[in-house]
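Visitor: Take a look at entry17.cif, mmCIF, C-alpha atoms and all ligand atoms:
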```cif
data_final
loop_
_atom_site.label_atom_id
_atom_site.label_comp_id
_atom_site.auth_asym_id
_atom_site.auth_seq_id
_atom_site.Cartn_x
_atom_site.Cartn_y
_atom_site.Cartn_z
CA MET A 1 -61.44 -51.92 -129.78
CA ASP A 2 -62.30 -52.95 -126.23
CA LEU A 3 -60.75 -50.73 -123.58
CA ARG A 4 -62.17 -52.62 -120.60
CA TRP A 5 -59.92 -54.61 -118.28
CA SER A 6 -60.52 -58.36 -118.06
CA ALA A 7 -61.77 -60.05 -114.87
CA GLU A 8 -58.25 -61.42 -114.33
CA GLN A 9 -56.75 -57.94 -114.64
CA GLU A 10 -59.35 -56.52 -112.25
CA ALA A 11 -58.44 -59.26 -109.75
CA PHE A 12 -54.78 -58.27 -110.06
CA ARG A 13 -55.77 -54.64 -109.43
CA ALA A 14 -57.81 -55.55 -106.35
CA LYS A 15 -54.92 -57.52 -104.88
CA ALA A 16 -52.43 -54.70 -105.50
CA ARG A 17 -54.84 -52.11 -104.11
CA ALA A 18 -55.50 -54.08 -100.93
CA TRP A 19 -51.80 -54.52 -100.23
CA LEU A 20 -50.90 -50.90 -101.01
CA ASP A 21 -53.77 -49.48 -98.94
CA ALA A 22 -52.61 -51.54 -95.96
CA ASN A 23 -48.90 -50.85 -96.30
CA VAL A 24 -48.08 -47.52 -98.00
CA PRO A 25 -46.17 -45.21 -95.66
CA HIS A 26 -47.15 -41.54 -95.85
CA ASP A 27 -45.10 -38.39 -95.34
CA LEU A 28 -41.62 -39.87 -95.85
CA PRO A 29 -38.96 -37.17 -96.24
CA SER A 30 -37.67 -36.63 -99.79
CA GLY A 31 -35.76 -39.64 -101.12
CA ASP A 32 -33.17 -37.21 -102.49
CA THR A 33 -31.94 -36.40 -98.99
CA ARG A 34 -29.71 -38.78 -97.01
CA ASP A 35 -32.27 -39.50 -94.26
CA GLY A 36 -35.10 -39.69 -96.75
CA PHE A 37 -33.18 -42.11 -98.92
CA ALA A 38 -32.66 -44.47 -95.97
CA ALA A 39 -36.39 -44.32 -95.13
CA HIS A 40 -37.26 -45.04 -98.76
CA LEU A 41 -35.00 -48.08 -98.75
CA GLU A 42 -37.08 -49.60 -95.96
CA TRP A 43 -40.13 -49.12 -98.13
CA GLU A 44 -38.35 -50.66 -101.14
CA ARG A 45 -37.47 -53.70 -99.03
CA ALA A 46 -41.06 -54.04 -97.85
CA LEU A 47 -42.21 -53.97 -101.48
CA HIS A 48 -39.66 -56.64 -102.30
CA ALA A 49 -40.62 -58.88 -99.38
CA ALA A 50 -44.25 -58.80 -100.56
CA ARG A 51 -43.19 -59.35 -104.21
CA TRP A 52 -44.46 -55.95 -105.38
CA ALA A 53 -41.06 -54.33 -106.11
CA VAL A 54 -40.66 -55.50 -109.72
CA VAL A 55 -44.00 -56.96 -110.78
CA SER A 56 -43.15 -57.35 -114.47
CA TRP A 57 -39.94 -59.35 -113.83
CA PRO A 58 -39.83 -63.15 -113.80
CA ARG A 59 -40.69 -64.91 -110.56
CA ARG A 60 -37.13 -66.19 -110.15
CA TYR A 61 -36.02 -62.56 -109.73
CA ALA A 62 -38.76 -61.70 -107.20
CA GLY A 63 -41.24 -60.50 -109.81
CA ARG A 64 -44.74 -61.73 -110.62
CA ASP A 65 -44.36 -62.37 -114.36
CA ALA A 66 -46.90 -59.56 -114.77
CA THR A 67 -47.81 -58.53 -118.32
CA LEU A 68 -47.22 -54.94 -119.43
CA TRP A 69 -50.95 -54.35 -118.94
CA GLU A 70 -50.74 -55.56 -115.36
CA TRP A 71 -47.67 -53.41 -114.83
CA LEU A 72 -49.71 -50.37 -115.98
CA ILE A 73 -52.46 -51.34 -113.55
CA PHE A 74 -49.95 -51.71 -110.70
CA GLU A 75 -48.50 -48.28 -111.46
CA GLU A 76 -51.98 -46.72 -111.45
CA GLU A 77 -52.68 -48.27 -108.06
CA TYR A 78 -49.26 -47.30 -106.75
CA TYR A 79 -49.80 -43.61 -107.45
CA ARG A 80 -53.48 -43.70 -106.51
CA ALA A 81 -52.42 -44.93 -103.07
CA GLY A 82 -50.01 -41.97 -102.75
CA ALA A 83 -47.03 -44.34 -102.44
CA PRO A 84 -43.48 -42.90 -102.25
CA GLN A 85 -41.21 -42.09 -105.20
CA ARG A 86 -39.09 -45.12 -106.22
CA VAL A 87 -35.51 -44.34 -105.23
CA THR A 88 -34.49 -47.56 -106.99
CA GLN A 89 -35.94 -46.33 -110.28
CA ASN A 90 -32.70 -45.89 -112.23
CA GLY A 91 -31.90 -49.54 -111.58
CA ILE A 92 -35.27 -51.22 -111.91
CA PHE A 93 -36.74 -49.03 -114.67
CA LEU A 94 -33.66 -48.07 -116.74
CA LEU A 95 -30.85 -50.57 -116.25
CA ALA A 96 -32.98 -53.69 -115.72
CA PRO A 97 -34.78 -53.58 -119.12
CA THR A 98 -31.34 -53.11 -120.72
CA LEU A 99 -29.96 -56.08 -118.74
CA PHE A 100 -32.88 -58.23 -119.89
CA GLU A 101 -32.11 -57.26 -123.50
CA PHE A 102 -28.29 -57.23 -123.56
CA GLY A 103 -27.06 -58.92 -120.36
CA THR A 104 -25.61 -62.42 -120.27
CA PRO A 105 -27.48 -65.00 -118.16
CA GLU A 106 -24.61 -64.75 -115.65
CA GLN A 107 -25.04 -60.96 -115.39
CA GLN A 108 -28.80 -61.26 -115.04
CA ASP A 109 -28.58 -63.91 -112.31
CA ARG A 110 -25.90 -61.99 -110.44
CA LEU A 111 -27.29 -58.45 -110.68
CA LEU A 112 -31.08 -58.56 -110.93
CA PRO A 113 -31.93 -60.25 -107.59
CA ARG A 114 -29.75 -57.79 -105.66
CA MET A 115 -31.28 -54.88 -107.57
CA ALA A 116 -34.83 -56.07 -106.86
CA ALA A 117 -34.02 -56.40 -103.16
CA ALA A 118 -32.55 -52.85 -103.05
CA GLN A 119 -29.20 -54.28 -101.98
CA ASP A 120 -27.41 -52.80 -104.99
CA LEU A 121 -28.56 -49.26 -105.75
CA TRP A 122 -27.82 -48.03 -109.25
CA CYS A 123 -27.26 -44.54 -110.63
CA GLN A 124 -26.85 -43.41 -114.23
CA GLY A 125 -23.40 -42.13 -115.23
CA TRP A 126 -23.84 -40.67 -118.67
CA SER A 127 -23.60 -36.88 -118.53
CA GLU A 128 -20.22 -35.20 -118.32
CA PRO A 129 -19.26 -31.52 -118.10
CA GLY A 130 -18.86 -31.48 -121.92
CA ALA A 131 -21.43 -34.15 -122.84
CA GLY A 132 -25.11 -33.63 -122.02
CA SER A 133 -27.43 -33.35 -125.01
CA ASP A 134 -24.52 -34.41 -127.15
CA LEU A 135 -23.99 -37.70 -125.32
CA ALA A 136 -21.68 -39.06 -128.03
CA ALA A 137 -19.17 -36.41 -126.93
CA VAL A 138 -18.37 -38.55 -123.84
CA ARG A 139 -14.66 -38.24 -123.03
CA SER A 140 -14.33 -40.50 -119.99
CA SER A 141 -12.24 -43.39 -121.21
CA ALA A 142 -11.54 -47.06 -120.59
CA ILE A 143 -8.14 -48.51 -121.44
CA ARG A 144 -7.62 -52.24 -121.92
CA ASP A 145 -5.83 -54.12 -119.10
CA ASP A 146 -5.09 -57.52 -120.67
CA ALA A 147 -3.04 -58.76 -117.74
CA ARG A 148 -6.01 -58.55 -115.36
CA GLY A 149 -8.73 -59.22 -117.92
CA GLY A 150 -10.58 -55.95 -117.80
CA TRP A 151 -10.49 -52.17 -118.22
CA LEU A 152 -9.14 -49.09 -116.45
CA LEU A 153 -11.68 -46.25 -116.29
CA SER A 154 -10.76 -42.56 -116.05
CA GLY A 155 -12.75 -39.35 -116.31
CA GLN A 156 -15.70 -37.53 -114.76
CA LYS A 157 -19.49 -37.90 -114.74
CA THR A 158 -21.90 -35.25 -113.48
CA TRP A 159 -25.61 -34.69 -112.63
CA THR A 160 -25.69 -38.24 -111.29
CA THR A 161 -29.09 -38.48 -109.61
CA ARG A 162 -28.80 -39.94 -106.09
CA GLY A 163 -25.19 -40.78 -106.94
CA ALA A 164 -24.22 -39.68 -103.43
CA PHE A 165 -26.30 -42.52 -101.95
CA CYS A 166 -26.04 -45.31 -104.54
CA THR A 167 -23.70 -48.29 -104.52
CA HIS A 168 -23.26 -48.85 -108.28
CA LEU A 169 -23.19 -46.86 -111.51
CA PHE A 170 -23.94 -47.80 -115.11
CA GLY A 171 -22.06 -45.57 -117.52
CA LEU A 172 -20.67 -44.95 -120.97
CA PHE A 173 -16.92 -44.77 -121.51
CA ARG A 174 -14.82 -44.33 -124.64
CA THR A 175 -12.94 -47.51 -125.49
CA ASP A 176 -11.85 -46.64 -129.04
CA PRO A 177 -10.77 -43.00 -129.43
CA ALA A 178 -9.97 -43.55 -133.13
CA ALA A 179 -13.50 -44.73 -134.04
CA GLN A 180 -16.37 -42.46 -135.09
CA ARG A 181 -17.94 -40.82 -132.03
CA HIS A 182 -20.89 -43.21 -131.62
CA ARG A 183 -18.88 -46.30 -132.44
CA GLY A 184 -16.10 -46.23 -129.85
CA LEU A 185 -18.20 -46.34 -126.66
CA THR A 186 -18.74 -49.20 -124.20
CA TYR A 187 -21.35 -49.64 -121.45
CA PHE A 188 -19.80 -50.47 -118.05
CA LEU A 189 -21.25 -51.54 -114.70
CA VAL A 190 -19.15 -50.13 -111.85
CA PRO A 191 -19.30 -50.56 -108.05
CA LEU A 192 -18.85 -47.12 -106.49
CA ASP A 193 -16.62 -48.52 -103.73
CA ALA A 194 -14.00 -49.66 -106.29
CA PRO A 195 -10.51 -48.20 -105.68
CA GLY A 196 -10.07 -44.98 -107.68
CA VAL A 197 -13.73 -43.84 -107.56
CA THR A 198 -14.52 -40.53 -105.83
CA VAL A 199 -18.14 -39.49 -105.37
CA ARG A 200 -18.74 -35.84 -104.54
CA GLY A 201 -22.34 -34.99 -103.66
CA PHE A 202 -23.85 -31.56 -104.23
CA GLN A 203 -27.16 -29.82 -103.61
CA ARG A 204 -29.96 -29.04 -106.03
CA LEU A 205 -31.77 -25.71 -106.18
CA ASP A 206 -34.59 -27.14 -104.04
CA GLY A 207 -32.14 -28.06 -101.26
CA ASP A 208 -32.08 -31.83 -101.87
CA GLU A 209 -28.60 -33.23 -101.81
CA GLY A 210 -28.60 -36.43 -103.84
CA PHE A 211 -26.85 -35.16 -107.00
CA ALA A 212 -23.20 -36.14 -107.42
CA GLU A 213 -20.16 -35.74 -109.56
CA VAL A 214 -18.30 -39.04 -109.91
CA PHE A 215 -14.57 -39.14 -110.67
CA PHE A 216 -12.70 -42.19 -112.00
CA ASP A 217 -8.95 -42.47 -111.64
CA GLY A 218 -7.72 -45.74 -113.17
CA VAL A 219 -10.68 -47.75 -111.82
CA PHE A 220 -10.38 -51.44 -112.67
CA VAL A 221 -13.54 -53.08 -114.06
CA PRO A 222 -13.40 -56.77 -115.05
CA ASP A 223 -14.70 -57.97 -118.43
CA ARG A 224 -17.73 -59.56 -116.80
CA ASP A 225 -19.01 -56.05 -116.02
CA VAL A 226 -19.19 -54.90 -119.63
CA LEU A 227 -22.85 -54.80 -120.71
CA GLY A 228 -23.26 -55.73 -124.38
CA GLU A 229 -20.28 -55.79 -126.71
CA VAL A 230 -17.17 -53.65 -126.47
CA ASN A 231 -17.54 -50.53 -128.69
CA GLN A 232 -21.30 -51.18 -129.03
CA GLY A 233 -22.21 -49.08 -126.00
CA TRP A 234 -24.23 -46.58 -128.03
CA ARG A 235 -26.65 -49.27 -129.15
CA VAL A 236 -27.04 -50.54 -125.59
CA ALA A 237 -27.46 -46.99 -124.27
CA MET A 238 -30.25 -46.29 -126.78
CA ALA A 239 -32.20 -49.20 -125.25
CA THR A 240 -31.84 -47.56 -121.82
CA THR A 241 -32.90 -44.26 -123.33
CA GLY A 242 -36.04 -45.85 -124.77
CA SER A 243 -37.05 -46.88 -121.25
CA GLU A 244 -36.11 -43.50 -119.79
CA ARG A 245 -38.10 -41.40 -122.24
CA GLY A 246 -40.81 -43.90 -122.92
CA LEU A 247 -42.79 -46.38 -121.01
CA THR A 248 -41.10 -47.32 -117.79
CA LEU A 249 -39.76 -44.19 -116.09
CA ARG A 250 -42.98 -42.18 -116.19
CA SER A 251 -46.09 -44.31 -116.38
CA PRO A 252 -49.54 -42.68 -116.83
CA GLY A 253 -50.53 -43.63 -113.27
CA ARG A 254 -48.33 -40.84 -111.95
CA PHE A 255 -50.20 -38.17 -113.92
CA LEU A 256 -53.67 -39.65 -113.50
CA ALA A 257 -53.13 -39.47 -109.73
CA GLY A 258 -51.74 -35.92 -110.08
CA ALA A 259 -54.80 -34.83 -112.09
CA ASP A 260 -57.12 -36.33 -109.45
CA ARG A 261 -55.29 -34.43 -106.72
CA LEU A 262 -55.63 -31.25 -108.79
CA ILE A 263 -59.39 -31.75 -109.06
CA GLU A 264 -59.56 -32.33 -105.31
CA LEU A 265 -57.64 -29.08 -104.80
CA TYR A 266 -60.09 -27.25 -107.08
CA ARG A 267 -63.01 -28.58 -105.01
CA GLN A 268 -61.38 -27.13 -101.90
CA ARG A 269 -60.43 -23.83 -103.55
CA PRO A 270 -62.77 -23.28 -106.51
CA SER A 271 -61.61 -20.59 -108.92
CA PRO A 272 -63.77 -20.35 -112.07
CA ALA A 273 -60.99 -18.57 -113.97
CA LEU A 274 -58.82 -21.72 -113.63
CA ARG A 275 -61.53 -24.29 -114.31
CA ASP A 276 -60.57 -24.89 -117.94
CA GLN A 277 -56.93 -25.46 -117.01
CA VAL A 278 -57.90 -28.02 -114.38
CA VAL A 279 -60.10 -29.84 -116.88
CA GLN A 280 -57.33 -29.67 -119.50
CA SER A 281 -54.85 -31.31 -117.12
CA TRP A 282 -57.28 -34.13 -116.48
CA ILE A 283 -57.85 -34.57 -120.23
CA ASP A 284 -54.08 -34.54 -120.85
CA ALA A 285 -53.51 -37.25 -118.24
CA GLN A 286 -56.25 -39.39 -119.82
CA ALA A 287 -54.77 -38.77 -123.28
CA TYR A 288 -51.32 -39.85 -122.08
CA GLN A 289 -52.86 -43.02 -120.72
CA MET A 290 -54.56 -43.72 -124.07
CA PHE A 291 -51.29 -43.08 -125.89
CA THR A 292 -49.51 -45.49 -123.56
CA VAL A 293 -52.18 -48.15 -124.01
CA GLN A 294 -51.67 -47.83 -127.76
CA GLN A 295 -47.93 -48.19 -127.26
CA VAL A 296 -48.26 -51.26 -125.04
CA THR A 297 -50.50 -52.81 -127.70
CA ALA A 298 -47.76 -52.18 -130.27
CA ILE A 299 -45.08 -53.66 -128.00
CA ALA A 300 -47.24 -56.73 -127.29
CA GLY A 301 -47.53 -57.07 -131.09
CA GLY A 302 -43.73 -57.10 -131.45
CA ARG A 303 -43.26 -53.44 -132.45
CA PRO A 304 -40.94 -51.67 -129.96
CA PRO A 305 -41.42 -47.88 -129.80
CA GLY A 306 -37.94 -46.64 -130.85
CA ALA A 307 -37.92 -42.91 -131.63
CA GLU A 308 -41.59 -42.66 -130.60
CA SER A 309 -40.43 -42.63 -126.99
CA SER A 310 -39.48 -38.99 -127.65
CA LEU A 311 -43.21 -38.26 -128.03
CA ASN A 312 -43.90 -39.77 -124.60
CA LYS A 313 -41.15 -37.69 -123.07
CA LEU A 314 -42.44 -34.44 -124.56
CA PHE A 315 -45.99 -35.24 -123.53
CA TRP A 316 -45.42 -36.27 -119.90
CA SER A 317 -42.87 -33.59 -119.09
CA GLU A 318 -44.97 -30.70 -120.45
CA LEU A 319 -48.19 -32.07 -118.99
CA ASP A 320 -46.47 -32.22 -115.59
CA VAL A 321 -45.36 -28.59 -115.73
CA ARG A 322 -48.85 -27.38 -116.74
CA LEU A 323 -50.54 -29.46 -114.04
CA HIS A 324 -48.26 -28.07 -111.32
CA GLU A 325 -48.54 -24.50 -112.63
CA THR A 326 -52.33 -24.77 -112.39
CA ALA A 327 -52.07 -26.11 -108.82
CA THR A 328 -49.73 -23.28 -107.87
CA ASP A 329 -52.17 -20.72 -109.33
CA LEU A 330 -55.04 -22.32 -107.41
CA LEU A 331 -53.11 -22.19 -104.16
CA GLY A 332 -52.12 -18.55 -104.69
CA GLU A 333 -50.38 -17.12 -101.65
CA CYS A 334 -51.18 -20.29 -99.65
CA GLY A 335 -48.87 -22.18 -102.00
CA GLU A 336 -45.90 -21.42 -99.83
CA LEU A 337 -47.59 -23.12 -96.84
CA ASP A 338 -48.33 -26.37 -98.65
CA CYS A 339 -45.03 -28.13 -99.26
CA ARG A 340 -46.13 -30.82 -101.64
CA TRP A 341 -47.33 -28.81 -104.63
CA PRO A 342 -44.46 -26.24 -104.69
CA ARG A 343 -41.86 -29.04 -104.38
CA GLY A 344 -43.61 -30.92 -107.16
CA PHE A 345 -43.69 -27.74 -109.22
CA LEU A 346 -39.94 -27.20 -108.82
CA PHE A 347 -39.21 -30.79 -109.79
CA SER A 348 -41.58 -30.64 -112.76
CA LEU A 349 -39.41 -27.85 -114.19
CA ALA A 350 -36.55 -30.36 -114.47
CA GLY A 351 -38.72 -32.71 -116.57
CA PRO A 352 -38.04 -30.91 -119.87
CA ILE A 353 -34.28 -31.26 -119.13
CA TYR A 354 -33.54 -34.74 -117.77
CA ALA A 355 -33.92 -37.85 -119.94
CA GLY A 356 -32.78 -35.68 -122.88
CA THR A 357 -33.96 -32.08 -123.24
CA ASN A 358 -37.25 -31.36 -124.98
CA GLU A 359 -35.52 -29.30 -127.66
CA VAL A 360 -33.52 -32.37 -128.57
CA GLN A 361 -36.63 -34.59 -128.44
CA ARG A 362 -38.31 -32.21 -130.90
CA ASN A 363 -35.33 -32.67 -133.21
CA VAL A 364 -35.77 -36.46 -132.95
CA VAL A 365 -39.50 -36.19 -133.73
CA ALA A 366 -38.83 -33.85 -136.67
CA GLU A 367 -36.05 -35.90 -138.21
CA ARG A 368 -36.83 -39.50 -137.33
CA LEU A 369 -40.63 -39.62 -137.10
CA LEU A 370 -41.64 -36.89 -139.56
CA GLY A 371 -38.68 -37.29 -141.93
CA LEU A 372 -37.98 -33.54 -142.04
CA PRO A 373 -34.53 -32.45 -143.25
CA ARG A 374 -31.76 -32.19 -140.66
CA THR A 375 -30.99 -28.65 -139.51
C1 LIG A 401 -33.13 -33.43 -112.43
C2 LIG A 401 -32.05 -33.94 -113.34
C3 LIG A 401 -31.56 -35.22 -113.15
C4 LIG A 401 -30.54 -35.70 -113.97
N1 LIG A 401 -30.04 -36.95 -113.72
C5 LIG A 401 -29.04 -37.44 -114.47
C6 LIG A 401 -28.46 -38.72 -114.18
O1 LIG A 401 -28.88 -39.40 -113.25
N2 LIG A 401 -27.44 -39.15 -114.94
C7 LIG A 401 -26.95 -38.42 -115.99
O2 LIG A 401 -26.05 -38.91 -116.66
N3 LIG A 401 -27.46 -37.20 -116.30
C8 LIG A 401 -28.48 -36.69 -115.55
N4 LIG A 401 -29.00 -35.43 -115.81
C9 LIG A 401 -28.38 -34.61 -116.85
C10 LIG A 401 -29.24 -34.46 -118.10
O3 LIG A 401 -29.25 -35.63 -118.84
C11 LIG A 401 -28.63 -33.28 -118.89
O4 LIG A 401 -28.81 -32.11 -118.11
C12 LIG A 401 -29.31 -33.11 -120.23
O5 LIG A 401 -29.01 -34.18 -121.08
C13 LIG A 401 -28.86 -31.78 -120.92
O6 LIG A 401 -27.47 -31.70 -120.95
P1 LIG A 401 -26.74 -30.38 -120.43
O7 LIG A 401 -27.25 -30.07 -119.07
O8 LIG A 401 -25.27 -30.60 -120.59
O9 LIG A 401 -27.22 -29.21 -121.38
P2 LIG A 401 -26.70 -28.87 -122.89
O10 LIG A 401 -26.59 -30.15 -123.66
O11 LIG A 401 -25.49 -28.03 -122.72
O12 LIG A 401 -27.89 -28.04 -123.43
C14 LIG A 401 -28.09 -26.65 -123.10
C15 LIG A 401 -29.31 -26.15 -123.88
O13 LIG A 401 -29.05 -26.24 -125.30
C16 LIG A 401 -30.08 -26.97 -125.93
N5 LIG A 401 -29.55 -27.79 -127.02
C17 LIG A 401 -28.43 -28.56 -126.98
N6 LIG A 401 -28.26 -29.19 -128.17
C18 LIG A 401 -29.29 -28.82 -128.96
C19 LIG A 401 -29.68 -29.14 -130.30
N7 LIG A 401 -28.96 -29.99 -131.06
N8 LIG A 401 -30.81 -28.58 -130.80
C20 LIG A 401 -31.56 -27.73 -130.03
N9 LIG A 401 -31.22 -27.37 -128.75
C21 LIG A 401 -30.13 -27.92 -128.23
C22 LIG A 401 -30.65 -27.88 -124.84
O14 LIG A 401 -31.98 -28.27 -125.14
C23 LIG A 401 -30.57 -26.98 -123.62
O15 LIG A 401 -31.68 -26.12 -123.57
C24 LIG A 401 -30.02 -34.90 -115.01
C25 LIG A 401 -30.54 -33.62 -115.21
C26 LIG A 401 -31.53 -33.12 -114.38
C27 LIG A 401 -32.04 -31.73 -114.61
#
```
In structure tokens, how does this file's structure come out?
Guide:
Amino acid sequence: MDLRWSAEQEAFRAKARAWLDANVPHDLPSGDTRDGFAAHLEWERALHAARWAVVSWPRRYAGRDATLWEWLIFEEEYYRAGAPQRVTQNGIFLLAPTLFEFGTPEQQDRLLPRMAAAQDLWCQGWSEPGAGSDLAAVRSSAIRDDARGGWLLSGQKTWTTRGAFCTHLFGLFRTDPAAQRHRGLTYFLVPLDAPGVTVRGFQRLDGDEGFAEVFFDGVFVPDRDVLGEVNQGWRVAMATTGSERGLTLRSPGRFLAGADRLIELYRQRPSPALRDQVVQSWIDAQAYQMFTVQQVTAIAGGRPPGAESSLNKLFWSELDVRLHETATDLLGECGELDCRWPRGFLFSLAGPIYAGTNEVQRNVVAERLLGLPRT
């Protein structure tokens, strides 16, 4: 096993680092507020203009044909440079890999360039008031409209991250109410300005306002905006889920940079009682990177992760909470004066919930990886 990067990979790193160091904006407001979102879009467009928005995509879609290894390197450099959160993430990291796998060439050519350029901004419309962990309980429906060659969507989605600011939604709707729960779903791509769509934004506990409920009242969606086959939406959605829990949504770079910041904080405010926790966070971030490297090796060898992505999700979300708890303890009473760590701490608490709760991920690990009996 050789864990060193090649000269070519180091050259890629140097190029990314130079551009990021010269261009990263600092102190943008949160991308989950309206003003912050607009500021983040400028940054997204700068990334796109310099061909750094979607490095692993093909060149014809504004990518660099980067390998998964180079993508990991870019992510490390991105977070090392303290670059902003990616407000386009639900499109470029969740929907795009699914479009590459299930989209028609027409869909890919039509949707991916606009997504890369942050012209179309995508949110994820899966959860409903009665369907969260139990996603197959989705009740929003789509009824066939043969005359117009498409579908009429009705129902409600909720917890739609940045739904109040996005232009498009990818979502699951029930197309065959008579089929078994997982079998009668279809994956739709919907512009949020279509007649019959109502987006109602609401605030999170931390004051950010990007969450939305999205209502559909007979919204027409043409056949060309069905992703994958009709009634096969569950299979398509599981591909999105693999990206969400696994590799793409939370790369190790994010936590390596977080652990480095924690060490820096410890240097400024040494507290021997917390030394072991600081070291443990750094070890955890390194371990997550090693785990990811192993996973990328498997993917490069033609073995996609499948249910193993639940392990990633458990690891990164719990590591993030511990890391932020340690920072909060180090800051003590000063914590309230330093915005970044307490905000990060609050958001880390959501990690064990979004992308499928950790209780449910433990069920997946127990049943599908360890082969334990179903409860
Ligand atoms: C910050 C954030 C962003 C989000 N963004 C989006 C988004 O963009 N789009 C979207 O569609 N959704 C989004 N969600 C919603 C998220 O996917 C759901 O909150 C999550 O799937 C849990 O569903 P629920 O809230 O309905 O809780 P429930 O499913 O009602 O679960 C309640 C509790 O019961 C536990 N539980 C449920 N079933 C089981 C079981 N079988 N075994 C053991 N325990 C169980 C859960 O772990 C949880 O603790 C977001 C959530 C958060 C917090």
Visitor: Which chains and residue numbers are within 8 Å of ligand LIG 401 (chain A), counting all atoms listed in the file, if I want them as a ChimeraX atom specification?
Guide: /A:90,123-135,157-163,171,211,347,350-351,353-360,363
Visitor: Need the shell around Gln89 of chain A: protein/DNA/RNA residues with any atom at most 10 Å away, counting all atoms listed in the file. Skip same-chain ones fewer than 6 positions apart. Format as JSON, numbers by chain?
Guide: {"A": [95, 96, 121, 122, 123, 244, 248, 249]}
Visitor: Tell me, in Å to one decimal, how far atom CA of Arg343 of chain A is from atom CA of Gln119 of chain A.
Guide: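 Between atom CA of Arg343 of chain A and atom CA of Gln119 of chain A the gap is 28.3 Å.
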Visitor: Using all atoms listed in the file for the distances, tell me which of A:Leu256, A:Gln294, A:Arg374, A:Arg245 is nearest to Leu311 of chain A.
Guide: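 Distance minimum relative to Leu311 of chain A lands on A:Arg245.
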Visitor: When you count only C-alpha atoms, which of these residues is closest to Tyr61 of chain A: A:Pro105, A:Pro113, A:Pro252, A:Pro177?
Guide: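 When distances to Tyr61 of chain A are compared using only C-alpha atoms, the smallest one comes from A:Pro113.
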Visitor: Using only C-alpha atoms, what residues lie at most 10 Å away from (-7.3, -53.0, -118.5) (file coordinates), given as a PDB file with C-alpha atoms, in the frame of the given file?
Guide:
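Result went into part-v9.pdb, see below:
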```pdb
ATOM      1  CA  ALA A 142     -11.540 -47.060-120.590  1.00  0.00           C
ATOM      2  CA  ILE A 143      -8.140 -48.510-121.440  1.00  0.00           C
ATOM      3  CA  ARG A 144      -7.620 -52.240-121.920  1.00  0.00           C
ATOM      4  CA  ASP A 145      -5.830 -54.120-119.100  1.00  0.00           C
ATOM      5  CA  ASP A 146      -5.090 -57.520-120.670  1.00  0.00           C
ATOM      6  CA  ALA A 147      -3.040 -58.760-117.740  1.00  0.00           C
ATOM      7  CA  ARG A 148      -6.010 -58.550-115.360  1.00  0.00           C
ATOM      8  CA  GLY A 149      -8.730 -59.220-117.920  1.00  0.00           C
ATOM      9  CA  GLY A 150     -10.580 -55.950-117.800  1.00  0.00           C
ATOM     10  CA  TRP A 151     -10.490 -52.170-118.220  1.00  0.00           C
ATOM     11  CA  LEU A 152      -9.140 -49.090-116.450  1.00  0.00           C
ATOM     12  CA  LEU A 153     -11.680 -46.250-116.290  1.00  0.00           C
ATOM     13  CA  GLY A 218      -7.720 -45.740-113.170  1.00  0.00           C
ATOM     14  CA  VAL A 219     -10.680 -47.750-111.820  1.00  0.00           C
ATOM     15  CA  PHE A 220     -10.380 -51.440-112.670  1.00  0.00           C
ATOM     16  CA  VAL A 221     -13.540 -53.080-114.060  1.00  0.00           C
ATOM     17  CA  PRO A 222     -13.400 -56.770-115.050  1.00  0.00           C
ATOM     18  CA  ASP A 223     -14.700 -57.970-118.430  1.00  0.00           C
TER      19      ASP A 223
END
```
Visitor: Give me, please, the distance in Å between atom CA of Trp57 of chain A and atom CA of Trp43 of chain A, quoted to one decimal.
Guide: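 Answer for the atom CA of Trp57 of chain A to atom CA of Trp43 of chain A separation: 18.7 Å.
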Visitor: Just the number, please: distance in Å from atom CA of Gly258 of chain A to atom CA of Ala285 of chain A, one decimal.
Guide: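 Spanning atom CA of Gly258 of chain A to atom CA of Ala285 of chain A is a straight-line distance of 8.5 Å.
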Visitor: Taking every listed atom of segment 164-182 of chain A and adding 3 Å to each side, what centre and edge lengths in Å (one decimal) does the axis-aligned box have, as lines of an AutoDock Vina configuration file?
Guide:
```
center_x = -18.1
center_y = -44.3
center_z = -118.5
size_x = 22.3
size_y = 15.2
size_z = 39.1
```
Visitor: Counting all atoms listed in the file, figure out which residue out of A:Glu308, A:Glu209, A:Glu10, A:Asp284 gets nearest to Phe74 of chain A.
Guide: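 Using all atoms listed in the file, the shortest distance to Phe74 of chain A belongs to A:Glu10.
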Visitor: Find, counting only C-alpha atoms, the residue in A:Ala53, A:Leu319, A:Leu262, A:Leu274 that gets nearest to Arg340 of chain A.
Guide: A:Leu262
